[in-house]
Amino acid sequence: MTINQLSIFIENRSGTLIKVLNVLKQSGIQIIASTIADTAEYGIYRLICSEPQRAFDELKKAGVAVAQSEVFAIELDNEPGRAADAVETFSKAGISITYMYSFLLGGKGILIFRTDNAEQARETIIQGGLKYIAEEDLAKCV
């Protein structure tokens, strides 16, 4: 029910992001979604890609500081308010969302999020009638 996300730690200086992107390009790995959060000195480039384990291995081999973590992806109808409804479902269940980002894919909204209580999130997704996205389903979209 979870998908693997890569978190890549990059310095805030020219050329560091392109190194990561070129490793993925040369490896033939497709980026599905990504986001960058930054501080004054470094950024965290989070991404969902077509082959997360191979991407992890290739980035490590290239000397890039990368971590792999499990996040949830749920599918939402492409209508105003659907993200609010989903987040409210988790909030009512007492689940905190550590971070999230979203994108459109195939006419559907995709909400990616991480929580500190994965087991309760799984139960809430099932009980709340939310549609989770499996990693293999995302990979088929590219």
# chains A, B, ... in the order shown; residues from 1 in each chain; ligands from 1
call {"tool": "select_by_dssp", "arguments": {"residues": "chain A", "states": "alpha helix (DSSP H)", "output": "MDAnalysis selection string"}}
result
chainID A and resid 16:27 52:61 82:92 118:127 135:140
call {"tool": "select_by_dssp", "arguments": {"residues": "range 109-139 of chain A", "states": "strand (DSSP E)", "output": "list in words"}}
result
Gly109, Ile110, Leu111, Ile112, Phe113, Arg114, Thr115, Lys131 and Tyr132 of chain A
call {"tool": "write_last_selection", "arguments": {"atoms": "C-alpha atoms", "output": "mmCIF file, in the first residue's frame"}}
result
data_model
loop_
_atom_site.group_PDB
_atom_site.id
_atom_site.type_symbol
_atom_site.label_atom_id
_atom_site.label_comp_id
_atom_site.auth_asym_id
_atom_site.auth_seq_id
_atom_site.Cartn_x
_atom_site.Cartn_y
_atom_site.Cartn_z
ATOM 1 C CA GLY A 109 -5.331 13.908 -8.527
ATOM 2 C CA ILE A 110 -2.514 12.037 -6.805
ATOM 3 C CA LEU A 111 -1.739 12.983 -3.213
ATOM 4 C CA ILE A 112 1.609 11.811 -1.833
ATOM 5 C CA PHE A 113 2.127 12.047 1.915
ATOM 6 C CA ARG A 114 4.203 10.779 4.802
ATOM 7 C CA THR A 115 2.949 10.255 8.312
ATOM 8 C CA LYS A 131 -8.146 4.627 -3.175
ATOM 9 C CA TYR A 132 -4.467 4.049 -2.619
#
call {"tool": "closest_atom_pairs", "arguments": {"of": "range 29-57 of chain A", "to": "range 68-71 of chain A", "cutoff": "10 Å", "atoms": "only C-alpha atoms", "output": "Markdown table"}}
result
| residue | atom | partner | partner_atom | distance |
| --- | --- | --- | --- | --- |
| A:Arg46 | CA | A:Gln68 | CA | 9.6 |
| A:Leu47 | CA | A:Gln68 | CA | 9.8 |
| A:Ile48 | CA | A:Val71 | CA | 9.6 |
| A:Pro52 | CA | A:Gln68 | CA | 8.1 |
| A:Gln53 | CA | A:Gln68 | CA | 8.3 |
| A:Ala55 | CA | A:Gln68 | CA | 10.0 |
| A:Phe56 | CA | A:Gln68 | CA | 7.2 |
call {"tool": "atom_distance", "arguments": {"atom1": "CA of Ile74 in chain A", "atom2": "CA of Arg54 in chain A"}}
result
23.6 Å
call {"tool": "atom_distance", "arguments": {"atom1": "CA of Ile8 in chain A", "atom2": "CA of Gln26 in chain A"}}
result
17.2 Å
call {"tool": "atom_distance", "arguments": {"atom1": "CA of Asp38 in chain A", "atom2": "CA of Val64 in chain A"}}
result
16.8 Å
call {"tool": "residues_around", "arguments": {"residues": "Gly28 in chain A", "least_positions_apart": "6", "cutoff": "10 Å", "atoms": "only C-alpha atoms", "output": "number ranges by chain"}}
result
A: 22, 50-51, 55
call {"tool": "write_last_selection", "arguments": {"atoms": "N, CA, C and O atoms", "output": "short mmCIF file (atom, residue, chain, number, x, y, z; two decimals), in the first residue's frame"}}
result
data_model
loop_
_atom_site.label_atom_id
_atom_site.label_comp_id
_atom_site.auth_asym_id
_atom_site.auth_seq_id
_atom_site.Cartn_x
_atom_site.Cartn_y
_atom_site.Cartn_z
N ASN A 22 21.14 14.16 -14.06
CA ASN A 22 21.92 13.46 -15.08
C ASN A 22 22.13 11.99 -14.75
O ASN A 22 22.14 11.15 -15.65
N SER A 50 10.23 5.81 -11.69
CA SER A 50 9.81 4.52 -12.26
C SER A 50 10.51 3.32 -11.64
O SER A 50 9.93 2.24 -11.59
N GLU A 51 11.74 3.48 -11.19
CA GLU A 51 12.50 2.37 -10.62
C GLU A 51 13.26 2.86 -9.38
O GLU A 51 14.46 3.12 -9.44
N ALA A 55 17.27 3.52 -8.97
CA ALA A 55 17.66 4.92 -8.85
C ALA A 55 18.48 5.14 -7.58
O ALA A 55 19.52 5.81 -7.61
#
call {"tool": "residues_around", "arguments": {"residues": "range 83-98 of chain A", "least_positions_apart": "4", "cutoff": "10 Å", "atoms": "only C-alpha atoms", "output": "ChimeraX atom specification"}}
result
/A:74-79,102,109-111,113-118,120-121,123-125,127-130
